[in-house]
file start04.cif (mmCIF, C-alpha atoms)
data_final
#
loop_
_atom_site.label_atom_id
_atom_site.label_comp_id
_atom_site.auth_asym_id
_atom_site.auth_seq_id
_atom_site.Cartn_x
_atom_site.Cartn_y
_atom_site.Cartn_z
CA MET A 1 47.78 39.92 -51.10
CA ALA A 2 44.14 40.03 -50.55
CA ARG A 3 42.43 36.74 -50.75
CA LYS A 4 39.49 36.27 -52.89
CA PRO A 5 36.45 35.87 -50.73
CA ARG A 6 35.49 32.25 -51.05
CA ALA A 7 31.93 31.26 -51.27
CA ILE A 8 30.98 29.15 -48.27
CA PRO A 9 29.75 25.85 -49.57
CA GLU A 10 26.31 24.94 -48.37
CA ILE A 11 26.27 22.08 -45.91
CA ASN A 12 24.25 19.22 -47.17
CA ALA A 13 21.58 18.52 -44.63
CA GLY A 14 19.97 15.72 -46.53
CA SER A 15 21.50 13.03 -44.40
CA MET A 16 20.42 14.71 -41.19
CA ALA A 17 17.18 12.79 -41.24
CA ASP A 18 19.06 9.52 -41.60
CA ILE A 19 21.25 10.25 -38.62
CA ALA A 20 18.28 11.31 -36.58
CA PHE A 21 16.45 8.14 -37.56
CA LEU A 22 19.39 6.08 -36.47
CA LEU A 23 19.41 7.71 -33.06
CA LEU A 24 15.67 7.46 -32.86
CA VAL A 25 15.73 3.74 -33.49
CA PHE A 26 18.42 3.31 -30.87
CA PHE A 27 16.35 5.07 -28.22
CA LEU A 28 13.22 3.29 -29.30
CA VAL A 29 14.90 -0.04 -28.73
CA THR A 30 16.50 0.86 -25.42
CA THR A 31 13.42 2.43 -23.88
CA THR A 32 11.63 0.21 -21.46
CA MET A 33 8.15 1.39 -20.88
CA ASP A 34 7.39 -1.31 -18.38
CA THR A 35 5.49 -0.37 -15.28
CA ASP A 36 5.65 -2.44 -12.21
CA LYS A 37 2.75 -4.79 -11.81
CA GLY A 38 1.69 -7.01 -9.00
CA LEU A 39 -0.63 -7.69 -6.13
CA ARG A 40 -1.31 -4.63 -4.03
CA VAL A 41 -1.49 -5.24 -0.33
CA LYS A 42 -1.97 -3.03 2.67
CA LEU A 43 -0.10 -4.15 5.73
CA PRO A 44 -1.60 -3.72 9.17
CA PRO A 45 0.25 -1.27 11.40
CA TYR A 46 2.85 -2.69 13.72
CA PRO A 47 1.25 -3.69 17.01
CA ASP A 48 2.09 -1.46 19.91
CA PRO A 49 4.13 -3.54 22.35
CA ASN A 50 2.53 -1.76 25.31
CA SER A 51 -1.02 -2.56 24.42
CA PRO A 52 -2.38 -6.05 24.93
CA PRO A 53 -2.90 -8.15 21.83
CA PRO A 54 -6.32 -7.51 20.39
CA THR A 55 -8.84 -10.17 21.18
CA SER A 56 -10.88 -11.29 18.28
CA THR A 57 -14.49 -10.29 18.60
CA GLN A 58 -15.29 -11.95 15.34
CA ASN A 59 -17.74 -14.73 15.21
CA ASP A 60 -15.96 -17.88 14.18
CA ARG A 61 -18.22 -18.46 11.22
CA ASN A 62 -17.30 -15.12 9.70
CA VAL A 63 -13.68 -16.10 9.41
CA LEU A 64 -12.52 -18.30 6.58
CA GLU A 65 -9.32 -19.79 7.77
CA VAL A 66 -6.71 -20.51 5.13
CA LEU A 67 -3.46 -22.15 6.09
CA VAL A 68 -0.51 -22.92 3.88
CA ASN A 69 2.12 -25.17 5.37
CA PHE A 70 5.81 -25.58 4.61
CA ASN A 71 5.01 -28.24 2.02
CA ASP A 72 2.86 -25.69 0.17
CA GLU A 73 -0.26 -27.66 1.08
CA LEU A 74 -3.51 -25.90 1.71
CA LEU A 75 -5.81 -26.26 4.67
CA VAL A 76 -9.10 -24.39 4.51
CA GLU A 77 -11.37 -24.51 7.55
CA LYS A 78 -9.29 -27.42 8.79
CA GLN A 79 -9.89 -29.40 5.59
CA PRO A 80 -7.19 -30.09 3.02
CA LEU A 81 -8.08 -28.46 -0.26
CA ASN A 82 -6.88 -28.14 -3.80
CA ILE A 83 -6.00 -24.63 -4.81
CA GLU A 84 -8.41 -24.69 -7.76
CA GLU A 85 -11.33 -24.87 -5.35
CA LEU A 86 -10.15 -21.99 -3.20
CA THR A 87 -11.76 -19.28 -5.29
CA ASN A 88 -15.13 -21.01 -5.22
CA ILE A 89 -14.98 -21.67 -1.50
CA THR A 90 -14.06 -18.06 -0.84
CA LYS A 91 -16.89 -16.83 -3.05
CA GLU A 92 -19.29 -19.11 -1.25
CA HIS A 93 -18.05 -17.73 2.02
CA LEU A 94 -18.52 -14.14 0.91
CA GLN A 95 -21.91 -14.63 -0.70
CA ASN A 96 -23.30 -16.90 1.97
CA GLU A 97 -25.43 -14.30 3.79
CA GLY A 98 -26.19 -16.66 6.65
CA ARG A 99 -27.49 -19.61 4.65
CA ASN A 100 -24.79 -22.14 5.41
CA PRO A 101 -23.76 -22.16 9.08
CA LYS A 102 -20.21 -22.99 8.02
CA TYR A 103 -19.69 -19.69 6.24
CA SER A 104 -20.21 -16.02 6.93
CA ASP A 105 -23.56 -14.67 8.01
CA LYS A 106 -23.07 -11.23 6.49
CA SER A 107 -20.80 -10.32 3.62
CA GLU A 108 -19.88 -7.08 5.39
CA ASP A 109 -18.39 -9.06 8.26
CA ALA A 110 -16.73 -11.78 6.24
CA ILE A 111 -13.02 -12.12 6.80
CA VAL A 112 -10.44 -14.32 5.19
CA SER A 113 -7.60 -15.19 7.47
CA LEU A 114 -4.43 -16.23 5.74
CA LYS A 115 -1.67 -17.96 7.62
CA ASN A 116 1.51 -19.28 6.22
CA ASP A 117 4.57 -21.03 7.49
CA ARG A 118 8.06 -19.62 7.22
CA GLY A 119 8.84 -22.49 4.88
CA THR A 120 6.01 -21.76 2.47
CA SER A 121 7.33 -20.80 -0.93
CA TYR A 122 6.68 -17.29 -2.13
CA GLU A 123 5.21 -18.60 -5.34
CA ARG A 124 2.56 -20.65 -3.56
CA TYR A 125 1.79 -17.82 -1.19
CA LEU A 126 1.14 -15.46 -4.07
CA GLU A 127 -0.91 -18.10 -5.84
CA VAL A 128 -3.14 -18.41 -2.80
CA TYR A 129 -3.34 -14.65 -2.39
CA ASN A 130 -4.20 -14.35 -6.05
CA GLU A 131 -7.04 -16.84 -5.71
CA LEU A 132 -8.44 -14.89 -2.78
CA MET A 133 -8.20 -11.63 -4.69
CA ARG A 134 -9.86 -13.27 -7.65
CA ALA A 135 -12.72 -14.36 -5.45
CA TYR A 136 -13.19 -10.82 -4.16
CA ASN A 137 -13.00 -9.33 -7.62
CA GLU A 138 -15.50 -11.81 -9.04
CA VAL A 139 -17.92 -11.34 -6.18
CA ARG A 140 -17.72 -7.58 -6.53
CA ASP A 141 -18.13 -7.84 -10.27
CA GLU A 142 -21.21 -10.00 -9.94
CA TYR A 143 -22.77 -7.62 -7.47
CA ALA A 144 -21.93 -4.56 -9.56
CA LEU A 145 -23.29 -6.20 -12.70
CA LYS A 146 -26.54 -7.08 -11.00
CA LYS A 147 -26.99 -3.74 -9.37
CA PHE A 148 -25.46 -1.23 -11.76
CA ASN A 149 -25.14 -3.28 -14.91
CA ARG A 150 -21.44 -2.57 -15.00
CA LYS A 151 -18.31 -4.31 -13.90
CA PHE A 152 -16.75 -3.19 -10.66
CA SER A 153 -13.61 -2.01 -12.41
CA ASP A 154 -15.70 0.15 -14.74
CA LEU A 155 -17.42 2.02 -11.95
CA PRO A 156 -16.10 5.52 -11.31
CA GLU A 157 -13.71 5.32 -8.40
CA LYS A 158 -15.08 8.29 -6.55
CA GLY A 159 -18.70 7.46 -7.23
CA LYS A 160 -21.38 6.28 -4.87
CA SER A 161 -21.84 2.97 -6.64
CA TYR A 162 -18.17 2.10 -6.28
CA LYS A 163 -18.36 2.72 -2.57
CA GLU A 164 -21.51 0.71 -2.22
CA VAL A 165 -19.97 -2.35 -3.84
CA LYS A 166 -16.83 -1.89 -1.81
CA ASP A 167 -18.79 -1.62 1.42
CA LYS A 168 -20.87 -4.63 0.54
CA TYR A 169 -17.81 -6.79 0.01
CA PRO A 170 -14.99 -5.15 1.94
CA LEU A 171 -11.59 -6.60 1.20
CA LYS A 172 -10.60 -8.16 4.48
CA ILE A 173 -7.72 -10.53 4.12
CA SER A 174 -6.09 -10.64 7.48
CA GLU A 175 -2.67 -12.06 7.91
CA ALA A 176 -1.71 -13.50 11.22
CA GLU A 177 1.32 -12.35 13.14
CA PRO A 178 4.16 -14.52 11.91
CA GLU A 179 4.81 -17.68 13.76
CA SER A 180 6.38 -20.93 12.88
CA TYR A 181 4.42 -24.10 13.02
CA GLY A 182 4.09 -27.38 11.29
CA LYS A 183 7.80 -28.09 11.24
CA MET B 1 -14.39 19.54 -68.44
CA SER B 2 -11.33 21.56 -69.06
CA LYS B 3 -10.85 21.86 -65.39
CA PHE B 4 -10.00 18.22 -64.99
CA ARG B 5 -7.84 17.97 -68.02
CA LYS B 6 -5.66 20.74 -66.79
CA ASN B 7 -5.01 18.93 -63.57
CA LYS B 8 -4.00 15.76 -65.27
CA LYS B 9 -1.42 17.41 -67.37
CA SER B 10 0.59 18.87 -64.54
CA ASP B 11 3.13 16.64 -62.83
CA SER B 12 2.39 15.64 -59.31
CA PRO B 13 4.52 17.92 -57.19
CA ALA B 14 7.32 16.40 -55.17
CA ILE B 15 6.44 16.05 -51.52
CA ASN B 16 8.36 18.49 -49.49
CA THR B 17 10.44 16.49 -47.04
CA SER B 18 12.41 19.33 -45.60
CA SER B 19 10.47 19.18 -42.33
CA LEU B 20 11.10 15.47 -41.94
CA PRO B 21 14.25 15.95 -39.87
CA ASP B 22 12.32 18.24 -37.54
CA ILE B 23 9.65 15.63 -36.97
CA VAL B 24 12.19 12.92 -36.44
CA PHE B 25 14.15 15.08 -34.03
CA MET B 26 11.01 15.77 -32.08
CA LEU B 27 10.40 12.06 -31.70
CA LEU B 28 14.05 11.55 -30.90
CA PHE B 29 13.96 14.07 -28.08
CA PHE B 30 10.85 12.48 -26.68
CA PHE B 31 12.46 9.08 -26.48
CA MET B 32 15.72 10.55 -25.18
CA VAL B 33 13.85 12.15 -22.33
CA ALA B 34 11.64 9.14 -21.67
CA THR B 35 14.51 6.69 -21.63
CA LYS B 36 15.90 5.95 -18.25
CA MET B 37 19.55 5.37 -18.84
CA ARG B 38 20.41 4.34 -15.32
CA ASP B 39 20.65 0.64 -15.65
CA PRO B 40 20.27 -0.71 -12.16
CA LYS B 41 22.80 -3.28 -11.26
CA ILE B 42 20.81 -6.35 -10.53
CA LEU B 43 22.64 -8.74 -8.31
CA VAL B 44 19.92 -11.25 -7.59
CA LYS B 45 17.77 -13.41 -9.78
CA THR B 46 14.16 -12.36 -9.61
CA ALA B 47 11.87 -14.52 -11.63
CA VAL B 48 8.60 -13.16 -10.30
CA PRO B 49 5.54 -15.38 -10.06
CA THR B 50 2.59 -15.02 -12.40
CA VAL B 51 -0.77 -13.89 -11.09
CA SER B 52 -3.98 -12.96 -12.79
CA GLU B 53 -5.29 -10.17 -10.55
CA VAL B 54 -2.54 -7.66 -11.24
CA GLU B 55 -2.67 -3.98 -10.53
CA LYS B 56 -0.37 -1.42 -12.06
CA VAL B 57 1.62 1.18 -10.24
CA GLN B 58 0.54 4.65 -11.21
CA LYS B 59 3.50 6.62 -9.97
CA LYS B 60 6.79 5.00 -10.67
CA SER B 61 8.75 7.50 -8.65
CA TRP B 62 6.76 6.67 -5.56
CA VAL B 63 7.92 3.10 -5.53
CA ASN B 64 10.89 1.71 -3.66
CA TYR B 65 12.17 -1.65 -4.66
CA ILE B 66 13.34 -4.50 -2.53
CA LEU B 67 14.78 -7.34 -4.53
CA VAL B 68 14.98 -10.78 -3.06
CA GLY B 69 16.41 -13.84 -4.69
CA PRO B 70 19.42 -16.08 -5.07
CA PRO B 71 22.55 -14.22 -6.22
CA ARG B 72 23.20 -14.16 -9.93
CA ASP B 73 26.83 -14.92 -9.34
CA PRO B 74 26.96 -18.55 -8.23
CA ALA B 75 30.17 -17.84 -6.35
CA GLN B 76 28.11 -15.98 -3.79
CA GLY B 77 26.06 -18.98 -2.87
CA THR B 78 22.53 -19.97 -3.71
CA SER B 79 20.63 -18.91 -0.64
CA PRO B 80 18.33 -15.93 -1.24
CA ARG B 81 19.72 -12.49 -0.52
CA ILE B 82 18.19 -9.04 -0.33
CA GLN B 83 19.25 -6.28 -2.66
CA LEU B 84 18.60 -2.63 -1.87
CA ASP B 85 19.65 -0.14 -4.52
CA ASP B 86 22.86 -1.59 -5.91
CA LYS B 87 24.07 -3.48 -2.92
CA PHE B 88 23.42 -6.65 -1.03
CA ALA B 89 21.77 -6.03 2.29
CA THR B 90 20.31 -7.84 5.24
CA VAL B 91 16.88 -7.66 6.78
CA ASP B 92 18.19 -5.18 9.33
CA ASP B 93 19.04 -2.68 6.60
CA VAL B 94 15.48 -2.51 5.30
CA GLN B 95 14.29 -0.07 7.96
CA GLN B 96 17.15 2.33 7.29
CA TYR B 97 16.60 2.09 3.55
CA ILE B 98 12.94 2.93 3.78
CA ILE B 99 13.55 5.80 6.19
CA ILE B 100 16.12 7.30 3.84
CA LYS B 101 13.81 6.90 0.87
CA GLN B 102 10.98 8.51 2.81
CA SER B 103 13.10 11.47 3.84
CA GLU B 104 13.97 12.15 0.21
CA LYS B 105 10.35 12.80 -0.61
CA PRO B 106 8.21 15.73 0.47
CA GLU B 107 6.15 15.08 3.52
CA ALA B 108 2.84 15.28 1.73
CA ILE B 109 3.41 12.19 -0.34
CA ARG B 110 5.21 10.04 2.20
CA ASP B 111 2.09 8.08 2.98
CA TYR B 112 1.69 7.19 -0.66
CA LEU B 113 5.08 5.61 -1.05
CA THR B 114 4.80 2.00 -2.03
CA THR B 115 7.33 -0.70 -1.46
CA SER B 116 7.58 -3.23 -4.21
CA ILE B 117 8.93 -6.61 -3.26
CA LYS B 118 10.43 -8.25 -6.28
CA ALA B 119 11.10 -11.72 -5.08
CA ASP B 120 12.09 -14.86 -6.85
CA ARG B 121 9.47 -17.57 -6.84
CA SER B 122 11.78 -19.94 -5.03
CA VAL B 123 12.14 -17.66 -2.01
CA LYS B 124 10.67 -18.92 1.23
CA MET B 125 8.07 -16.86 3.02
CA GLY B 126 10.19 -16.60 6.16
CA LEU B 127 12.42 -13.98 4.57
CA ILE B 128 9.48 -12.12 3.05
CA GLN B 129 7.77 -12.13 6.41
CA ASP B 130 10.83 -10.62 8.06
CA ILE B 131 10.86 -7.85 5.46
CA LYS B 132 7.16 -7.27 6.00
CA GLN B 133 7.72 -6.94 9.73
CA GLU B 134 10.47 -4.37 9.13
CA LEU B 135 8.18 -2.39 6.84
CA ARG B 136 5.47 -2.41 9.44
CA LYS B 137 7.91 -1.13 12.05
CA VAL B 138 8.66 1.96 9.97
CA ASN B 139 5.00 2.34 9.14
CA SER B 140 5.46 1.88 5.43
CA LEU B 141 2.32 -0.11 4.89
CA LYS B 142 1.72 0.04 1.17
CA LEU B 143 3.12 -3.04 -0.39
CA LEU B 144 3.19 -4.53 -3.82
CA TYR B 145 4.12 -8.11 -4.48
CA SER B 146 5.69 -7.71 -7.85
CA ALA B 147 4.39 -10.26 -10.33
CA SER B 148 3.90 -10.63 -14.01
CA GLY B 149 0.35 -10.57 -15.22
CA GLY B 150 -1.14 -13.43 -17.12
CA GLN B 151 -3.20 -16.51 -16.97
CA VAL B 152 -2.37 -18.64 -14.00
CA LYS B 153 -1.55 -22.14 -15.04
CA GLN B 154 -3.98 -24.75 -13.90
CA HIS B 155 -2.40 -27.68 -12.18
#
call {"tool": "encode", "arguments": {"input": "start04.cif", "output": "structure tokens"}}
result
Amino acid sequence: MARKPRAIPEINAGSMADIAFLLLVFFLVTTTMDTDKGLRVKLPPYPDPNSPPPTSTQNDRNVLEVLVNFNDELLVEKQPLNIEELTNITKEHLQNEGRNPKYSDKSEDAIVSLKNDRGTSYERYLEVYNELMRAYNEVRDEYALKKFNRKFSDLPEKGKSYKEVKDKYPLKISEAEPESYGK
Amino acid sequence: MSKFRKNKKSDSPAINTSSLPDIVFMLLFFFMVATKMRDPKILVKTAVPTVSEVEKVQKKSWVNYILVGPPRDPAQGTSPRIQLDDKFATVDDVQQYIIIKQSEKPEAIRDYLTTSIKADRSVKMGLIQDIKQELRKVNSLKLLYSASGGQVKQH
């Protein structure tokens, strides 16, 4: 008995969009587009144990000494300081250009030395680091605005002007070899 | 004016929605590909500090993560621990971890690999310093202190 050829019913694709939307919403919600953010730091290379420790040739006035102790207290140039003032002090140090004998005599040579205790909390350490970075960014911005009428972050990264600002205020935050003190 | 009258008479044609599924599928595939389904097992609490001068990482695949913080499970104590990949680790394991991660990448980009330290704000600097020393020993000098961007609270 031959069967009658049945007409294949057409599949209704109208709800396809709904299903796709459902999946789409699911993936939209689960996707995390977050990128990691934070303070970028370049570590100094590990000292060669065979070579003698480098002796500092830096003039004392060019170094802004910042200490954070285990109680998260701040000591800048041997004076206790509130963290709100750190940015201004650092900016003064960088922009001094030899005026005040306490601070740097050339911005190109200015160094910030950051020392912390093993007991310093990470939060405070980052806060201090952030203030120092802020000082550098503001100083660079001011210079770039004056000279090129643009903010430092708006300058083309491979351009001459970018390099000039960077060379004028080189980011020199030196961190001492770890040691424990103040305990 | 017959031109206009003619237009008014005709019904507005139904919008053809037959290509809607295609568009939606296209979007769907994009998000399917962009979604990272591997949900890393996070064993330590990492409430990162807030800083204002944040920088973003450009290449996510060039970043290795070191998580530091007190364990999520209180049964494992409250003192900060280090997490590498999905396991607890000690400071001594950091070197090995970085070397392995470096060897997985082609030589040309090894110098660009960044280590991101995601540490809880309560962690003491002693531990961070030890990690930093280990990183310096394997010459992995690019470091990122992971932090959330925002206005820093004034005390």
call {"tool": "resolve_selection", "arguments": {"input": "start04.cif", "expression": "the PyMOL selection byres ((chain A) within 6 of (chain B))", "output": "ChimeraX atom specification"}}
result
/A:17,24,27,31,36-43,45-46,118-123
call {"tool": "residues_around", "arguments": {"input": "start04.cif", "residues": "Phe152 in chain A", "least_positions_apart": "3", "cutoff": "8 Å", "atoms": "only C-alpha atoms", "output": "list in words"}}
result
Asn137, Arg140, Asp141, Ala144, Leu145, Leu155, Tyr162 and Val165 of chain A
call {"tool": "residues_near_point", "arguments": {"input": "start04.cif", "point": "(-22.0, -18.2, -2.7)", "cutoff": "12 Å", "atoms": "all atoms listed in the file", "output": "list in words"}}
result
Thr87, Asn88, Ile89, Thr90, Lys91, Glu92, His93, Leu94, Gln95, Asn96, Glu97, Gly98, Arg99, Asn100, Lys102, Tyr103, Ser104, Asp105, Lys106, Ser107, Ala135, Tyr136, Glu138, Val139, Glu142 and Tyr143 of chain A
call {"tool": "atom_distance", "arguments": {"input": "start04.cif", "atom1": "CA of Ser79 in chain B", "atom2": "CA of Asn69 in chain A"}}
result
20.4 Å
call {"tool": "residues_around", "arguments": {"input": "start04.cif", "residues": "Val63 in chain A", "least_positions_apart": "3", "cutoff": "9 Å", "atoms": "all atoms listed in the file", "output": "ChimeraX atom specification"}}
result
/A:58-60,77,93,103-104,109-113
call {"tool": "resolve_selection", "arguments": {"input": "start04.cif", "expression": "the PyMOL selection byres ((chain B and resi 68) around 6)", "output": "tab-separated table (two decimals) with C-alpha atoms, in the coordinates of the input"}}
result
chain	number	residue	atom	x	y	z
B	67	LEU	CA	14.78	-7.34	-4.53
B	69	GLY	CA	16.41	-13.84	-4.69
B	81	ARG	CA	19.72	-12.49	-0.52
B	82	ILE	CA	18.19	-9.04	-0.33
B	119	ALA	CA	11.10	-11.72	-5.08
call {"tool": "atom_distance", "arguments": {"input": "start04.cif", "atom1": "CA of Lys45 in chain B", "atom2": "CA of Glu175 in chain A"}}
result
27.1 Å
call {"tool": "residues_around", "arguments": {"input": "start04.cif", "residues": "Phe88 in chain B", "least_positions_apart": "2", "cutoff": "10 Å", "atoms": "all atoms listed in the file", "output": "list in words"}}
result
Ile42, Leu43, Val44, Leu67, Val68, Pro71, Arg81, Ile82, Gln83, Leu84, Asp85, Asp86, Thr90 and Asp93 of chain B
call {"tool": "write_last_selection", "arguments": {"input": "start04.cif", "atoms": "C-alpha atoms", "output": "PDB file, keeping the file's coordinate frame"}}
result
ATOM      1  CA  ILE B  42      20.810  -6.350 -10.530  1.00  0.00           C
ATOM      2  CA  LEU B  43      22.640  -8.740  -8.310  1.00  0.00           C
ATOM      3  CA  VAL B  44      19.920 -11.250  -7.590  1.00  0.00           C
ATOM      4  CA  LEU B  67      14.780  -7.340  -4.530  1.00  0.00           C
ATOM      5  CA  VAL B  68      14.980 -10.780  -3.060  1.00  0.00           C
ATOM      6  CA  PRO B  71      22.550 -14.220  -6.220  1.00  0.00           C
ATOM      7  CA  ARG B  81      19.720 -12.490  -0.520  1.00  0.00           C
ATOM      8  CA  ILE B  82      18.190  -9.040  -0.330  1.00  0.00           C
ATOM      9  CA  GLN B  83      19.250  -6.280  -2.660  1.00  0.00           C
ATOM     10  CA  LEU B  84      18.600  -2.630  -1.870  1.00  0.00           C
ATOM     11  CA  ASP B  85      19.650  -0.140  -4.520  1.00  0.00           C
ATOM     12  CA  ASP B  86      22.860  -1.590  -5.910  1.00  0.00           C
ATOM     13  CA  THR B  90      20.310  -7.840   5.240  1.00  0.00           C
ATOM     14  CA  ASP B  93      19.040  -2.680   6.600  1.00  0.00           C
TER      15      ASP B  93
END
call {"tool": "closest_residue", "arguments": {"input": "start04.cif", "among": "B:Ala89, B:Asp73, B:Ile66, B:Pro80", "to": "Lys101 in chain B", "atoms": "all atoms listed in the file"}}
result
B:Ile66
call {"tool": "atom_distance", "arguments": {"input": "start04.cif", "atom1": "CA of Pro47 in chain A", "atom2": "CA of Glu177 in chain A"}}
result
9.5 Å
call {"tool": "residues_around", "arguments": {"input": "start04.cif", "residues": "Leu67 in chain A", "least_positions_apart": "2", "cutoff": "9 Å", "atoms": "all atoms listed in the file", "output": "JSON, numbers by chain"}}
result
{"A": [65, 69, 73, 74, 75, 76, 77, 78, 113, 114, 115, 116, 117]}
call {"tool": "write_last_selection", "arguments": {"input": "start04.cif", "atoms": "C-alpha atoms", "output": "mmCIF file, keeping the file's coordinate frame"}}
result
data_model
loop_
_atom_site.group_PDB
_atom_site.id
_atom_site.type_symbol
_atom_site.label_atom_id
_atom_site.label_comp_id
_atom_site.auth_asym_id
_atom_site.auth_seq_id
_atom_site.Cartn_x
_atom_site.Cartn_y
_atom_site.Cartn_z
ATOM 1 C CA GLU A 65 -9.320 -19.790 7.770
ATOM 2 C CA ASN A 69 2.120 -25.170 5.370
ATOM 3 C CA GLU A 73 -0.260 -27.660 1.080
ATOM 4 C CA LEU A 74 -3.510 -25.900 1.710
ATOM 5 C CA LEU A 75 -5.810 -26.260 4.670
ATOM 6 C CA VAL A 76 -9.100 -24.390 4.510
ATOM 7 C CA GLU A 77 -11.370 -24.510 7.550
ATOM 8 C CA LYS A 78 -9.290 -27.420 8.790
ATOM 9 C CA SER A 113 -7.600 -15.190 7.470
ATOM 10 C CA LEU A 114 -4.430 -16.230 5.740
ATOM 11 C CA LYS A 115 -1.670 -17.960 7.620
ATOM 12 C CA ASN A 116 1.510 -19.280 6.220
ATOM 13 C CA ASP A 117 4.570 -21.030 7.490
#
call {"tool": "decode", "arguments": {"input": "start04.cif", "residues": "range 57-68 of chain B", "atoms": "N, CA and C atoms", "output": "short mmCIF file (atom, residue, chain, number, x, y, z; two decimals), in the first residue's frame"}}
result
data_model
loop_
_atom_site.label_atom_id
_atom_site.label_comp_id
_atom_site.auth_asym_id
_atom_site.auth_seq_id
_atom_site.Cartn_x
_atom_site.Cartn_y
_atom_site.Cartn_z
N VAL B 57 44.60 48.47 32.01
CA VAL B 57 45.45 47.50 31.31
C VAL B 57 44.95 47.39 29.88
N GLN B 58 45.87 47.47 28.94
CA GLN B 58 45.43 47.39 27.54
C GLN B 58 45.21 45.94 27.13
N LYS B 59 46.14 45.10 27.45
CA LYS B 59 46.07 43.71 27.01
C LYS B 59 45.78 42.82 28.20
N LYS B 60 44.55 42.31 28.22
CA LYS B 60 44.17 41.50 29.36
C LYS B 60 44.93 40.18 29.42
N SER B 61 45.25 39.67 28.24
CA SER B 61 45.91 38.36 28.23
C SER B 61 47.38 38.45 28.62
N TRP B 62 47.88 39.65 28.76
CA TRP B 62 49.27 39.81 29.16
C TRP B 62 49.40 40.02 30.67
N VAL B 63 48.33 39.82 31.36
CA VAL B 63 48.36 40.10 32.79
C VAL B 63 48.26 38.80 33.58
N ASN B 64 49.12 38.65 34.54
CA ASN B 64 49.02 37.55 35.49
C ASN B 64 48.56 38.11 36.82
N TYR B 65 47.72 37.34 37.47
CA TYR B 65 47.14 37.87 38.69
C TYR B 65 47.71 37.17 39.93
N ILE B 66 47.97 37.96 40.91
CA ILE B 66 48.32 37.43 42.22
C ILE B 66 47.31 38.02 43.19
N LEU B 67 46.56 37.14 43.82
CA LEU B 67 45.54 37.62 44.75
C LEU B 67 46.04 37.45 46.17
N VAL B 68 45.85 38.48 46.94
CA VAL B 68 46.29 38.43 48.33
C VAL B 68 45.15 38.93 49.21
#
